Each structure stands twice: as C-alpha cells, then as structure tokens.
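Just data-v9.cif here, mmCIF, N, CA and C atoms:
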data_run
#
loop_
_atom_site.label_atom_id
_atom_site.label_comp_id
_atom_site.auth_asym_id
_atom_site.auth_seq_id
_atom_site.Cartn_x
_atom_site.Cartn_y
_atom_site.Cartn_z
N MET J 1 -37.60 74.72 -310.62
CA MET J 1 -37.85 73.87 -311.76
C MET J 1 -39.24 74.17 -312.32
N THR J 2 -39.34 74.38 -313.61
CA THR J 2 -40.60 74.66 -314.26
C THR J 2 -41.27 73.36 -314.68
N VAL J 3 -42.54 73.24 -314.34
CA VAL J 3 -43.29 72.05 -314.72
C VAL J 3 -43.99 72.35 -316.04
N ARG J 4 -43.73 71.55 -317.04
CA ARG J 4 -44.38 71.72 -318.34
C ARG J 4 -45.52 70.74 -318.47
N ARG J 5 -46.64 71.24 -318.87
CA ARG J 5 -47.77 70.36 -319.12
C ARG J 5 -47.67 69.84 -320.54
N LEU J 6 -48.18 68.63 -320.74
CA LEU J 6 -48.18 68.06 -322.07
C LEU J 6 -49.16 68.82 -322.96
N ARG J 7 -48.87 68.83 -324.25
CA ARG J 7 -49.73 69.51 -325.21
C ARG J 7 -51.13 68.90 -325.16
N ASN J 8 -52.12 69.74 -325.10
CA ASN J 8 -53.52 69.34 -325.01
C ASN J 8 -54.02 68.98 -326.41
N THR J 9 -54.36 67.71 -326.61
CA THR J 9 -54.86 67.27 -327.91
C THR J 9 -56.35 66.90 -327.83
N ASP J 10 -57.02 67.45 -326.85
CA ASP J 10 -58.45 67.20 -326.68
C ASP J 10 -59.25 67.89 -327.77
N SER J 11 -60.55 67.67 -327.75
CA SER J 11 -61.45 68.33 -328.69
C SER J 11 -61.44 69.84 -328.43
N PRO J 12 -61.90 70.62 -329.39
CA PRO J 12 -61.96 72.08 -329.18
C PRO J 12 -62.77 72.46 -327.93
N THR J 13 -63.84 71.76 -327.66
CA THR J 13 -64.65 72.06 -326.48
C THR J 13 -63.87 71.78 -325.20
N GLU J 14 -63.14 70.67 -325.18
CA GLU J 14 -62.33 70.33 -324.00
C GLU J 14 -61.15 71.30 -323.85
N GLN J 15 -60.57 71.71 -324.97
CA GLN J 15 -59.49 72.71 -324.92
C GLN J 15 -60.01 74.02 -324.35
N GLU J 16 -61.20 74.43 -324.79
CA GLU J 16 -61.80 75.66 -324.29
C GLU J 16 -62.02 75.57 -322.78
N ALA J 17 -62.50 74.42 -322.32
CA ALA J 17 -62.71 74.23 -320.88
C ALA J 17 -61.39 74.31 -320.13
N ALA J 18 -60.33 73.72 -320.69
CA ALA J 18 -59.01 73.76 -320.05
C ALA J 18 -58.49 75.20 -320.00
N ILE J 19 -58.74 75.97 -321.05
CA ILE J 19 -58.31 77.37 -321.09
C ILE J 19 -59.05 78.17 -320.02
N LEU J 20 -60.36 77.99 -319.94
CA LEU J 20 -61.14 78.72 -318.94
C LEU J 20 -60.74 78.35 -317.52
N LYS J 21 -60.43 77.07 -317.31
CA LYS J 21 -59.98 76.63 -315.98
C LYS J 21 -58.63 77.26 -315.65
N ALA J 22 -57.72 77.25 -316.61
CA ALA J 22 -56.40 77.85 -316.40
C ALA J 22 -56.53 79.34 -316.14
N ALA J 23 -57.43 80.00 -316.85
CA ALA J 23 -57.65 81.44 -316.64
C ALA J 23 -58.17 81.70 -315.23
N ALA J 24 -59.10 80.87 -314.77
CA ALA J 24 -59.64 81.03 -313.41
C ALA J 24 -58.54 80.85 -312.38
N GLU J 25 -57.69 79.87 -312.57
CA GLU J 25 -56.58 79.63 -311.63
C GLU J 25 -55.61 80.80 -311.63
N GLU J 26 -55.31 81.32 -312.80
CA GLU J 26 -54.36 82.44 -312.90
C GLU J 26 -54.94 83.70 -312.27
N VAL J 27 -56.23 83.96 -312.50
CA VAL J 27 -56.87 85.12 -311.88
C VAL J 27 -56.85 84.99 -310.36
N ALA J 28 -57.08 83.78 -309.86
CA ALA J 28 -57.05 83.56 -308.41
C ALA J 28 -55.66 83.84 -307.84
N LEU J 29 -54.62 83.56 -308.62
CA LEU J 29 -53.25 83.77 -308.16
C LEU J 29 -52.78 85.22 -308.26
N VAL J 30 -53.07 85.86 -309.41
CA VAL J 30 -52.47 87.18 -309.66
C VAL J 30 -53.48 88.29 -309.88
N GLY J 31 -54.75 87.95 -310.01
CA GLY J 31 -55.78 88.95 -310.27
C GLY J 31 -55.99 89.18 -311.75
N VAL J 32 -57.11 89.80 -312.08
CA VAL J 32 -57.47 90.04 -313.48
C VAL J 32 -56.47 90.97 -314.16
N GLY J 33 -56.01 91.98 -313.45
CA GLY J 33 -55.11 92.96 -314.03
C GLY J 33 -53.78 92.40 -314.50
N ARG J 34 -53.35 91.32 -313.89
CA ARG J 34 -52.06 90.72 -314.26
C ARG J 34 -52.20 89.40 -315.00
N LEU J 35 -53.42 89.09 -315.46
CA LEU J 35 -53.67 87.86 -316.20
C LEU J 35 -52.78 87.82 -317.44
N SER J 36 -52.03 86.75 -317.60
CA SER J 36 -51.12 86.61 -318.73
C SER J 36 -51.63 85.53 -319.68
N MET J 37 -51.83 85.92 -320.93
CA MET J 37 -52.28 84.96 -321.93
C MET J 37 -51.25 83.85 -322.14
N ASP J 38 -49.97 84.19 -322.06
CA ASP J 38 -48.92 83.19 -322.21
C ASP J 38 -49.01 82.13 -321.11
N VAL J 39 -49.21 82.58 -319.88
CA VAL J 39 -49.31 81.65 -318.75
C VAL J 39 -50.55 80.79 -318.91
N VAL J 40 -51.67 81.39 -319.29
CA VAL J 40 -52.91 80.63 -319.47
C VAL J 40 -52.72 79.56 -320.54
N ALA J 41 -52.12 79.92 -321.67
CA ALA J 41 -51.89 78.93 -322.73
C ALA J 41 -51.01 77.79 -322.24
N ARG J 42 -49.94 78.13 -321.55
CA ARG J 42 -49.03 77.11 -321.03
C ARG J 42 -49.73 76.20 -320.05
N GLN J 43 -50.49 76.78 -319.11
CA GLN J 43 -51.19 75.99 -318.10
C GLN J 43 -52.27 75.10 -318.70
N ALA J 44 -52.91 75.58 -319.76
CA ALA J 44 -53.97 74.81 -320.42
C ALA J 44 -53.40 73.76 -321.37
N GLY J 45 -52.10 73.87 -321.66
CA GLY J 45 -51.47 72.90 -322.55
C GLY J 45 -51.80 73.13 -324.02
N VAL J 46 -52.07 74.39 -324.37
CA VAL J 46 -52.37 74.72 -325.76
C VAL J 46 -51.37 75.76 -326.25
N SER J 47 -51.28 75.88 -327.55
CA SER J 47 -50.39 76.91 -328.11
C SER J 47 -51.07 78.26 -328.01
N ARG J 48 -50.27 79.32 -328.14
CA ARG J 48 -50.85 80.67 -328.13
C ARG J 48 -51.82 80.84 -329.28
N SER J 49 -51.51 80.24 -330.45
CA SER J 49 -52.42 80.38 -331.59
C SER J 49 -53.76 79.71 -331.31
N THR J 50 -53.75 78.57 -330.62
CA THR J 50 -55.00 77.91 -330.24
C THR J 50 -55.77 78.78 -329.26
N LEU J 51 -55.08 79.33 -328.27
CA LEU J 51 -55.72 80.21 -327.30
C LEU J 51 -56.39 81.39 -328.01
N TYR J 52 -55.66 82.05 -328.89
CA TYR J 52 -56.20 83.22 -329.57
C TYR J 52 -57.27 82.85 -330.61
N ARG J 53 -57.25 81.62 -331.10
CA ARG J 53 -58.32 81.17 -332.00
C ARG J 53 -59.63 81.04 -331.23
N ARG J 54 -59.53 80.54 -330.00
CA ARG J 54 -60.72 80.36 -329.16
C ARG J 54 -61.17 81.68 -328.53
N PHE J 55 -60.20 82.50 -328.11
CA PHE J 55 -60.48 83.77 -327.44
C PHE J 55 -59.57 84.82 -328.07
N PRO J 56 -60.10 85.63 -329.00
CA PRO J 56 -59.27 86.53 -329.79
C PRO J 56 -58.54 87.62 -329.01
N SER J 57 -58.95 87.84 -327.76
CA SER J 57 -58.28 88.86 -326.96
C SER J 57 -58.36 88.49 -325.48
N ARG J 58 -57.57 89.18 -324.70
CA ARG J 58 -57.59 88.99 -323.25
C ARG J 58 -58.97 89.34 -322.71
N ASP J 59 -59.56 90.41 -323.23
CA ASP J 59 -60.91 90.81 -322.80
C ASP J 59 -61.94 89.73 -323.13
N ALA J 60 -61.81 89.10 -324.29
CA ALA J 60 -62.74 88.04 -324.67
C ALA J 60 -62.63 86.85 -323.71
N LEU J 61 -61.42 86.53 -323.30
CA LEU J 61 -61.21 85.44 -322.35
C LEU J 61 -61.82 85.79 -320.99
N ILE J 62 -61.58 86.99 -320.52
CA ILE J 62 -62.12 87.41 -319.22
C ILE J 62 -63.65 87.43 -319.28
N THR J 63 -64.20 87.92 -320.36
CA THR J 63 -65.66 87.96 -320.52
C THR J 63 -66.24 86.56 -320.51
N ALA J 64 -65.63 85.64 -321.24
CA ALA J 64 -66.12 84.25 -321.27
C ALA J 64 -66.07 83.63 -319.89
N ARG J 65 -65.02 83.92 -319.15
CA ARG J 65 -64.89 83.40 -317.78
C ARG J 65 -66.00 83.96 -316.89
N LEU J 66 -66.28 85.24 -317.01
CA LEU J 66 -67.34 85.86 -316.21
C LEU J 66 -68.72 85.31 -316.56
N ILE J 67 -68.96 85.08 -317.85
CA ILE J 67 -70.24 84.52 -318.28
C ILE J 67 -70.41 83.11 -317.73
N LEU J 68 -69.35 82.30 -317.80
CA LEU J 68 -69.41 80.95 -317.26
C LEU J 68 -69.68 80.97 -315.77
N ARG J 69 -68.99 81.83 -315.07
CA ARG J 69 -69.17 81.93 -313.62
C ARG J 69 -70.59 82.37 -313.26
N SER J 70 -71.11 83.37 -313.96
CA SER J 70 -72.46 83.84 -313.65
C SER J 70 -73.50 82.78 -314.00
N ALA J 71 -73.27 82.01 -315.06
CA ALA J 71 -74.20 80.92 -315.41
C ALA J 71 -74.23 79.86 -314.31
N ARG J 72 -73.07 79.57 -313.74
CA ARG J 72 -73.02 78.58 -312.65
C ARG J 72 -73.72 79.11 -311.40
N ILE J 73 -73.55 80.38 -311.09
CA ILE J 73 -74.22 80.98 -309.95
C ILE J 73 -75.73 80.96 -310.16
N THR J 74 -76.18 81.32 -311.36
CA THR J 74 -77.60 81.32 -311.68
C THR J 74 -78.18 79.91 -311.57
N ALA J 75 -77.45 78.92 -312.06
CA ALA J 75 -77.93 77.54 -311.99
C ALA J 75 -78.08 77.07 -310.56
N ARG J 76 -77.22 77.53 -309.68
CA ARG J 76 -77.29 77.17 -308.25
C ARG J 76 -78.37 77.95 -307.52
N GLY J 77 -78.75 79.10 -308.08
CA GLY J 77 -79.72 79.95 -307.41
C GLY J 77 -79.11 80.70 -306.24
N ASP J 78 -77.78 80.85 -306.25
CA ASP J 78 -77.05 81.51 -305.17
C ASP J 78 -76.87 82.98 -305.52
N PHE J 79 -77.83 83.81 -305.12
CA PHE J 79 -77.82 85.22 -305.51
C PHE J 79 -77.40 86.14 -304.36
N ARG J 80 -76.70 85.65 -303.40
CA ARG J 80 -76.29 86.47 -302.25
C ARG J 80 -75.47 87.64 -302.65
#
Step by step, read the file and then write its structure as structure tokens.
Amino acid sequence: MTVRRLRNTDSPTEQEAAILKAAAEEVALVGVGRLSMDVVARQAGVSRSTLYRRFPSRDALITARLILRSARITARGDFR
C-alpha cells in the first residue's frame, strides 16, 4: 500500500525545508546517484512544478542539500 502525503500548503520557505528534508531521507535510502525528483516531490508533499521552481535541477537540489549540511557542521564546529 502506498502512503500519500497531503499536499504541502506551507510557505515557500517551509516547502523548501520539506523538500530538503525529503531529499536527505531519499539520499540516505538510495544514495545520491539514484535520487529521484519525483520521489522527493511526493515525499515533501509538493508538485513537481513547485519542486523545480525551488530547485531547477537535480544538481541544484543536491548542491543546496550539501550547503545546508556543511553550514550545520560549521555551526557545530564539528570538523572531524
């Protein structure tokens, strides 16, 4: 049985956060090479057009995720 998430009607900033979270979860499951924009959109509860409006390409989404992750590491001071 497929679980459908309700359409995300949050603000653009909250939608972007949901997309980045969904991307992180998908990468953890299947890896960067198999990251699916369709799956990310579905998991974030946004349409594909909303996803592509926020992140025009798969590379842009991956880059944004990496920047967010490195900013969090820098803020923690965890440079191991």
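Here atom CA of J:Ala24 and atom N of J:Arg65 stand 8.4 Å from one another.
Atom pair atom CA of J:Leu29 / atom CA of J:Gly77: separated by 26.8 Å.
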(request) Please identify which residues in chain J DSSP calls helix (DSSP H, G or I) from the backbone, and express them as a PyMOL selection string. (result) chain J and resi 12-30+32-34+37-44+48-54+58-76
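Between atom CA of J:Asp59 and atom N of J:Ser36 the interatomic distance comes to 11.1 Å.
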Build an axis-aligned box that encloses every atom of stretch 44-54 of chain J listed in the file, pad it by 8 Å on each side, and report its centre and edge lengths in Å to one decimal, as JSON.
{"center_x": -55.7, "center_y": 78.1, "center_z": -325.9, "size_x": 26.9, "size_y": 26.3, "size_z": 28.2}
(message) With all atoms listed in the file as the counted atoms, please give the residues lying no more than 6 Å from stretch 13-22 of chain J, apart from itself and same-chain residues fewer than 6 positions off, as JSON, numbers by chain.
(response) {"J": [40, 43, 44]}
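Minimum atom-to-atom distance to J:Glu26, evaluated using only N, CA and C atoms, belongs to J:Val39 out of J:Pro56, J:Ser47, J:Arg69, J:Val39.
Comparing J:Arg48, J:Arg42, J:Ala28, J:Met37 by their smallest distance to J:Leu61, the closest is J:Met37 (using only C-alpha atoms).
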